[in-house]
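**Student:** So that you have it, the file is query16.cif, and it contains mmCIF, C-alpha atoms and all ligand atoms:
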```cif
data_input
loop_
_atom_site.label_atom_id
_atom_site.label_comp_id
_atom_site.auth_asym_id
_atom_site.auth_seq_id
_atom_site.Cartn_x
_atom_site.Cartn_y
_atom_site.Cartn_z
CA MET C 1 2.17 -15.41 11.46
CA GLU C 2 -0.39 -12.95 12.76
CA ILE C 3 -1.51 -9.65 11.31
CA ARG C 4 -3.83 -7.06 12.86
CA LEU C 5 -6.46 -5.91 10.39
CA ALA C 6 -9.03 -3.14 10.54
CA THR C 7 -11.54 -5.46 8.95
CA ARG C 8 -11.41 -9.20 8.40
CA GLU C 9 -12.61 -8.91 4.82
CA ILE C 10 -10.30 -8.52 1.86
CA GLN C 11 -12.07 -5.82 -0.13
CA LYS C 12 -12.35 -7.00 -3.71
CA ASP C 13 -12.83 -5.16 -7.00
CA SER C 14 -11.51 -1.78 -5.92
CA ILE C 15 -10.66 0.60 -8.75
CA VAL C 16 -9.46 3.49 -6.58
CA ASP C 17 -6.66 1.91 -4.54
CA GLY C 18 -4.15 1.58 -7.36
CA GLU C 19 -4.19 0.62 -11.00
CA GLY C 20 -6.57 -1.98 -12.34
CA ILE C 21 -9.02 -4.06 -10.36
CA ARG C 22 -7.58 -4.70 -6.94
CA SER C 23 -8.13 -6.43 -3.66
CA VAL C 24 -7.40 -4.33 -0.60
CA ILE C 25 -6.06 -5.48 2.75
CA TRP C 26 -6.87 -2.92 5.45
CA THR C 27 -4.31 -3.05 8.25
CA GLN C 28 -4.94 -1.71 11.74
CA GLY C 29 -2.59 0.70 13.53
CA CYS C 30 -1.19 4.05 12.47
CA ARG C 31 0.85 6.58 14.42
CA HIS C 32 0.70 9.51 11.97
CA HIS C 33 -2.68 10.97 12.98
CA CYS C 34 -2.95 13.13 9.88
CA LYS C 35 -5.50 15.93 10.18
CA GLY C 36 -8.56 14.97 8.08
CA CYS C 37 -7.63 11.27 7.88
CA HIS C 38 -10.42 9.40 6.09
CA ASN C 39 -9.93 6.34 8.28
CA PRO C 40 -9.40 7.36 11.93
CA THR C 41 -10.81 4.10 13.32
CA THR C 42 -7.72 2.32 11.95
CA HIS C 43 -5.26 4.25 14.17
CA ALA C 44 -5.46 2.30 17.45
CA PHE C 45 -2.95 -0.51 17.76
CA ASN C 46 -5.17 -2.55 20.08
CA LYS C 47 -8.34 -2.50 17.97
CA GLY C 48 -9.35 -4.35 14.84
CA ILE C 49 -9.01 -8.10 14.47
CA VAL C 50 -5.99 -10.40 14.58
CA VAL C 51 -5.84 -12.86 11.69
CA ASN C 52 -3.41 -15.56 10.65
CA THR C 53 -1.63 -14.69 7.39
CA GLU C 54 -2.06 -18.26 6.16
CA SER C 55 -5.83 -17.84 6.07
CA LEU C 56 -5.44 -14.63 4.08
CA LYS C 57 -3.18 -16.43 1.62
CA GLN C 58 -5.85 -19.09 1.15
CA GLU C 59 -8.33 -16.35 0.24
CA ILE C 60 -5.85 -14.65 -2.08
CA MET C 61 -5.40 -17.93 -3.89
CA GLN C 62 -9.16 -17.98 -4.62
CA LEU C 63 -9.25 -14.43 -6.02
CA GLU C 64 -10.55 -14.10 -9.55
CA SER C 65 -10.17 -11.27 -12.05
CA GLN C 66 -7.96 -9.15 -9.81
CA ASP C 67 -4.88 -7.34 -11.13
CA GLY C 68 -3.22 -6.98 -7.78
CA VAL C 69 -3.36 -6.53 -4.04
CA THR C 70 -3.12 -3.22 -2.20
CA PHE C 71 -2.05 -2.79 1.42
CA SER C 72 -3.69 0.18 3.08
CA GLY C 73 -4.82 1.08 6.56
CA GLY C 74 -3.79 2.12 9.06
CA ASP C 75 -0.17 1.99 8.08
CA PRO C 76 0.99 -1.39 6.72
CA MET C 77 4.59 -0.38 7.49
CA GLU C 78 3.81 -0.87 11.19
CA GLN C 79 3.52 -4.61 10.46
CA PRO C 80 6.19 -5.13 7.82
CA GLU C 81 6.92 -8.76 8.56
CA ALA C 82 3.34 -9.96 8.33
CA CYS C 83 2.59 -7.75 5.32
CA ASN C 84 5.69 -9.04 3.57
CA ASP C 85 4.62 -12.61 4.23
CA ILE C 86 1.44 -11.85 2.26
CA ALA C 87 3.11 -9.59 -0.33
CA SER C 88 5.71 -12.18 -1.30
CA PHE C 89 2.90 -14.72 -1.67
CA CYS C 90 0.98 -12.31 -3.92
CA GLN C 91 4.03 -11.80 -6.13
CA LYS C 92 4.34 -15.56 -6.54
CA GLN C 93 0.67 -15.67 -7.58
CA GLY C 94 1.32 -13.08 -10.29
CA LEU C 95 -0.50 -10.30 -8.45
CA ASN C 96 1.23 -6.95 -8.34
CA VAL C 97 1.51 -5.20 -5.00
CA TRP C 98 0.74 -1.62 -4.05
CA CYS C 99 1.19 -0.19 -0.57
CA TYR C 100 -0.01 3.03 1.04
CA THR C 101 2.04 4.39 3.93
CA GLY C 102 2.25 7.58 5.96
CA TYR C 103 6.04 7.35 5.98
CA THR C 104 8.08 8.75 3.13
CA PHE C 105 10.18 6.33 1.10
CA GLU C 106 13.32 7.96 2.51
CA GLU C 107 12.03 7.54 6.09
CA LEU C 108 11.40 3.88 5.39
CA LEU C 109 14.92 3.34 4.07
CA GLU C 110 16.24 4.98 7.24
CA LYS C 111 13.96 2.92 9.49
CA GLY C 112 14.99 -0.16 7.55
CA LYS C 113 18.54 0.17 8.87
CA GLN C 114 17.15 -0.82 12.29
CA GLU C 115 14.22 -2.92 11.16
CA LYS C 116 15.19 -5.17 8.24
CA ALA C 117 11.61 -6.37 7.78
CA ILE C 118 10.78 -2.97 6.28
CA LEU C 119 13.43 -3.42 3.58
CA ASP C 120 12.23 -6.97 2.96
CA PHE C 121 8.67 -5.71 2.54
CA LEU C 122 9.82 -2.98 0.15
CA GLU C 123 11.48 -5.66 -1.98
CA ASN C 124 8.04 -7.15 -2.63
CA ILE C 125 6.20 -3.90 -3.35
CA ASP C 126 5.76 -2.71 -6.93
CA VAL C 127 4.27 0.68 -6.18
CA LEU C 128 4.43 2.68 -2.94
CA VAL C 129 2.16 5.65 -2.30
CA ASP C 130 4.06 7.49 0.39
CA GLY C 131 3.74 10.36 2.84
CA ARG C 132 1.23 11.69 5.30
CA PHE C 133 -2.14 13.00 4.18
CA ILE C 134 -1.98 16.80 4.30
CA LEU C 135 -5.45 18.32 4.36
CA GLU C 136 -4.26 21.61 2.88
CA GLU C 137 -2.92 19.70 -0.12
CA LYS C 138 -5.99 17.54 -0.60
CA SER C 139 -6.88 17.27 -4.27
CA TYR C 140 -9.47 15.35 -6.23
CA ASP C 141 -7.20 15.60 -9.27
CA ALA C 142 -4.44 13.60 -7.62
CA ILE C 143 -4.48 10.11 -9.12
CA PHE C 144 -4.63 7.36 -6.48
CA ARG C 145 -3.59 9.82 -3.75
CA GLY C 146 -5.43 11.90 -1.19
CA SER C 147 -3.11 14.91 -1.15
CA LYS C 148 -0.63 16.23 -3.67
CA ASN C 149 2.41 15.85 -1.40
CA GLN C 150 2.04 12.08 -1.58
CA ARG C 151 4.10 10.35 -4.23
CA ILE C 152 3.54 7.26 -6.37
CA ILE C 153 6.87 5.50 -6.38
CA ASP C 154 8.23 2.75 -8.61
CA VAL C 155 9.86 0.73 -5.83
CA PRO C 156 11.90 -1.83 -7.83
CA LYS C 157 13.40 0.97 -9.95
CA SER C 158 14.03 3.16 -6.91
CA LEU C 159 15.83 0.38 -5.07
CA LYS C 160 17.85 -0.50 -8.15
CA GLU C 161 18.83 3.07 -8.99
CA LYS C 162 19.25 4.05 -5.32
CA LYS C 163 17.08 7.15 -5.77
CA THR C 164 13.36 7.84 -5.54
CA VAL C 165 11.78 7.22 -8.93
CA LEU C 166 8.18 8.34 -9.39
CA VAL C 167 5.69 6.71 -11.75
CA ALA C 168 5.34 9.73 -14.02
CA LYS C 169 2.09 8.68 -15.74
CA TYR C 170 0.08 9.19 -12.55
CA LEU C 171 1.37 12.65 -11.75
CA GLU C 172 -1.24 14.58 -13.68
CA LYS C 173 -4.71 13.34 -14.48
CA GLU C 174 -4.52 15.00 -17.87
CA SER C 175 -1.53 12.92 -18.94
CA TYR C 176 -2.86 9.67 -17.49
CA LYS C 177 -4.23 7.26 -20.07
CA LYS C 178 -6.01 4.39 -18.37
CA PRO C 179 -4.71 1.08 -19.78
CA LYS C 180 -7.10 -1.62 -20.94
CA ARG C 181 -7.04 -4.20 -18.13
CA THR C 182 -3.31 -4.79 -18.47
CA LEU C 183 -1.12 -5.72 -15.55
CA TYR C 184 1.00 -2.91 -14.18
CA VAL C 185 4.77 -3.59 -13.98
S1 LIG X 1 -1.15 7.77 7.34
FE1 LIG X 1 -3.15 7.31 6.42
S2 LIG X 1 -4.26 6.12 7.97
FE2 LIG X 1 -2.53 7.09 9.00
S3 LIG X 1 -3.38 9.01 9.82
FE3 LIG X 1 -2.47 9.48 7.83
S4 LIG X 1 -4.17 9.32 6.37
FE4 LIG X 1 -4.79 8.27 8.26
#
```
Could you write out this structure as structure tokens?

**Tutor:**
Amino acid sequence: MEIRLATREIQKDSIVDGEGIRSVIWTQGCRHHCKGCHNPTTHAFNKGIVVNTESLKQEIMQLESQDGVTFSGGDPMEQPEACNDIASFCQKQGLNVWCYTGYTFEELLEKGKQEKAILDFLENIDVLVDGRFILEEKSYDAIFRGSKNQRIIDVPKSLKEKKTVLVAKYLEKESYKKPKRTLYV
């Protein structure tokens, strides 16, 4: 299966794209065009590089000392099937999965009625950071988010309880106690 990436490299050892030490997959293609987007070169759907997901899985298998994998972009939800192929592999490897998207969780559930791959991908995501980046709500105090409107969602719990459940510990920096290299979820 093919996936279009913004960069061929899996970025290792990130500590800002979710909890713990993470490897980041940067997808190409985003239709939200948020004002002040930090990554405008990832918007075009015909740019970047097309990669086979099998080769990415091989690299993921070689990862050392990583707590999880984060999908960012671009918007990974524009390629749900390919991202899910990788996400389900990560779960089997014991790596937790975070995903950043410009869609809200509710929008994704609605889109999922027409595009089942989105629901399948959600099933393999532990934490979703959702919503467009809103420049006016940009905050350096927001943990793992660019703007305060974005939410950090516990996806398994939300799907199980059929309502949006936030990961409360990230909401305010003051109340966030960084764990000692423990796996999230
Ligand atoms: S969703 Fe993310 S990548 Fe897309 S325009 Fe907004 S900030 Fe940029």

**Student:** Kindly provide, as a short mmCIF file (atom, residue, chain, number, x, y, z; two decimals) with C-alpha atoms, in the frame of the given file, all nucleotide and amino acid residues lying within 7 Å of ligand LIG 1 (chain X), counting all atoms listed in the file.

**Tutor:**
```cif
data_model
loop_
_atom_site.label_atom_id
_atom_site.label_comp_id
_atom_site.auth_asym_id
_atom_site.auth_seq_id
_atom_site.Cartn_x
_atom_site.Cartn_y
_atom_site.Cartn_z
CA CYS C 30 -1.19 4.05 12.47
CA ARG C 31 0.85 6.58 14.42
CA HIS C 32 0.70 9.51 11.97
CA HIS C 33 -2.68 10.97 12.98
CA CYS C 34 -2.95 13.13 9.88
CA CYS C 37 -7.63 11.27 7.88
CA HIS C 38 -10.42 9.40 6.09
CA ASN C 39 -9.93 6.34 8.28
CA PRO C 40 -9.40 7.36 11.93
CA THR C 42 -7.72 2.32 11.95
CA HIS C 43 -5.26 4.25 14.17
CA GLY C 73 -4.82 1.08 6.56
CA GLY C 74 -3.79 2.12 9.06
CA ASP C 75 -0.17 1.99 8.08
CA THR C 101 2.04 4.39 3.93
CA GLY C 102 2.25 7.58 5.96
CA ARG C 132 1.23 11.69 5.30
CA PHE C 133 -2.14 13.00 4.18
#
```

**Student:** Would you mind listing what lies within 12 Å of range 148-154 of chain C as a PDB file with C-alpha atoms, keeping the file's coordinate frame, with all atoms listed in the file counted and same-chain residues fewer than 3 positions away left out?

**Tutor:**
```pdb
ATOM      1  CA  ASP C  17      -6.660   1.910  -4.540  1.00  0.00           C
ATOM      2  CA  GLY C  18      -4.150   1.580  -7.360  1.00  0.00           C
ATOM      3  CA  GLU C  19      -4.190   0.620 -11.000  1.00  0.00           C
ATOM      4  CA  ASN C  96       1.230  -6.950  -8.340  1.00  0.00           C
ATOM      5  CA  VAL C  97       1.510  -5.200  -5.000  1.00  0.00           C
ATOM      6  CA  TRP C  98       0.740  -1.620  -4.050  1.00  0.00           C
ATOM      7  CA  CYS C  99       1.190  -0.190  -0.570  1.00  0.00           C
ATOM      8  CA  TYR C 100      -0.010   3.030   1.040  1.00  0.00           C
ATOM      9  CA  THR C 101       2.040   4.390   3.930  1.00  0.00           C
ATOM     10  CA  GLY C 102       2.250   7.580   5.960  1.00  0.00           C
ATOM     11  CA  TYR C 103       6.040   7.350   5.980  1.00  0.00           C
ATOM     12  CA  THR C 104       8.080   8.750   3.130  1.00  0.00           C
ATOM     13  CA  PHE C 105      10.180   6.330   1.100  1.00  0.00           C
ATOM     14  CA  GLU C 106      13.320   7.960   2.510  1.00  0.00           C
ATOM     15  CA  LEU C 122       9.820  -2.980   0.150  1.00  0.00           C
ATOM     16  CA  GLU C 123      11.480  -5.660  -1.980  1.00  0.00           C
ATOM     17  CA  ASN C 124       8.040  -7.150  -2.630  1.00  0.00           C
ATOM     18  CA  ILE C 125       6.200  -3.900  -3.350  1.00  0.00           C
ATOM     19  CA  ASP C 126       5.760  -2.710  -6.930  1.00  0.00           C
ATOM     20  CA  VAL C 127       4.270   0.680  -6.180  1.00  0.00           C
ATOM     21  CA  LEU C 128       4.430   2.680  -2.940  1.00  0.00           C
ATOM     22  CA  VAL C 129       2.160   5.650  -2.300  1.00  0.00           C
ATOM     23  CA  ASP C 130       4.060   7.490   0.390  1.00  0.00           C
ATOM     24  CA  GLY C 131       3.740  10.360   2.840  1.00  0.00           C
ATOM     25  CA  ARG C 132       1.230  11.690   5.300  1.00  0.00           C
ATOM     26  CA  PHE C 133      -2.140  13.000   4.180  1.00  0.00           C
ATOM     27  CA  ILE C 134      -1.980  16.800   4.300  1.00  0.00           C
ATOM     28  CA  LEU C 135      -5.450  18.320   4.360  1.00  0.00           C
ATOM     29  CA  GLU C 136      -4.260  21.610   2.880  1.00  0.00           C
ATOM     30  CA  GLU C 137      -2.920  19.700  -0.120  1.00  0.00           C
ATOM     31  CA  LYS C 138      -5.990  17.540  -0.600  1.00  0.00           C
ATOM     32  CA  SER C 139      -6.880  17.270  -4.270  1.00  0.00           C
ATOM     33  CA  TYR C 140      -9.470  15.350  -6.230  1.00  0.00           C
ATOM     34  CA  ASP C 141      -7.200  15.600  -9.270  1.00  0.00           C
ATOM     35  CA  ALA C 142      -4.440  13.600  -7.620  1.00  0.00           C
ATOM     36  CA  ILE C 143      -4.480  10.110  -9.120  1.00  0.00           C
ATOM     37  CA  PHE C 144      -4.630   7.360  -6.480  1.00  0.00           C
ATOM     38  CA  ARG C 145      -3.590   9.820  -3.750  1.00  0.00           C
ATOM     39  CA  LYS C 157      13.400   0.970  -9.950  1.00  0.00           C
ATOM     40  CA  SER C 158      14.030   3.160  -6.910  1.00  0.00           C
ATOM     41  CA  LEU C 159      15.830   0.380  -5.070  1.00  0.00           C
ATOM     42  CA  LYS C 160      17.850  -0.500  -8.150  1.00  0.00           C
ATOM     43  CA  GLU C 161      18.830   3.070  -8.990  1.00  0.00           C
ATOM     44  CA  LYS C 162      19.250   4.050  -5.320  1.00  0.00           C
ATOM     45  CA  LYS C 163      17.080   7.150  -5.770  1.00  0.00           C
ATOM     46  CA  THR C 164      13.360   7.840  -5.540  1.00  0.00           C
ATOM     47  CA  VAL C 165      11.780   7.220  -8.930  1.00  0.00           C
ATOM     48  CA  LEU C 166       8.180   8.340  -9.390  1.00  0.00           C
ATOM     49  CA  VAL C 167       5.690   6.710 -11.750  1.00  0.00           C
ATOM     50  CA  ALA C 168       5.340   9.730 -14.020  1.00  0.00           C
ATOM     51  CA  LYS C 169       2.090   8.680 -15.740  1.00  0.00           C
ATOM     52  CA  TYR C 170       0.080   9.190 -12.550  1.00  0.00           C
ATOM     53  CA  LEU C 171       1.370  12.650 -11.750  1.00  0.00           C
ATOM     54  CA  GLU C 172      -1.240  14.580 -13.680  1.00  0.00           C
ATOM     55  CA  LYS C 173      -4.710  13.340 -14.480  1.00  0.00           C
ATOM     56  CA  TYR C 184       1.000  -2.910 -14.180  1.00  0.00           C
ATOM     57  CA  VAL C 185       4.770  -3.590 -13.980  1.00  0.00           C
TER      58      VAL C 185
END
```

**Student:** Give me, please, the distance in Å between CA of Gly29 in chain C and CA of Gln93 in chain C, quoted to one decimal.

**Tutor:**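 Straight-line distance from CA of Gly29 in chain C to CA of Gln93 in chain C works out to 26.9 Å.
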
**Student:** List the neighbours of range 51-62 of chain C out to 7 Å using all atoms listed in the file; skip same-chain residues closer than 3 positions along the sequence, and give me the result as a list in words.

**Tutor:**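 Residues meeting the cut-off are Met1, Glu2, Ile3, Arg4, Ala82 and Ile86 of chain C.
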
**Student:** How many Å separate CA of Val155 in chain C from CA of Phe71 in chain C?

**Tutor:**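 Straight-line distance from CA of Val155 in chain C to CA of Phe71 in chain C works out to 14.4 Å.
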
**Student:** If you measure from CA of Asp13 in chain C to CA of Ser88 in chain C, what distance in Å do you get, rounded to one decimal?

**Tutor:**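 Those two atoms sit 20.6 Å apart.
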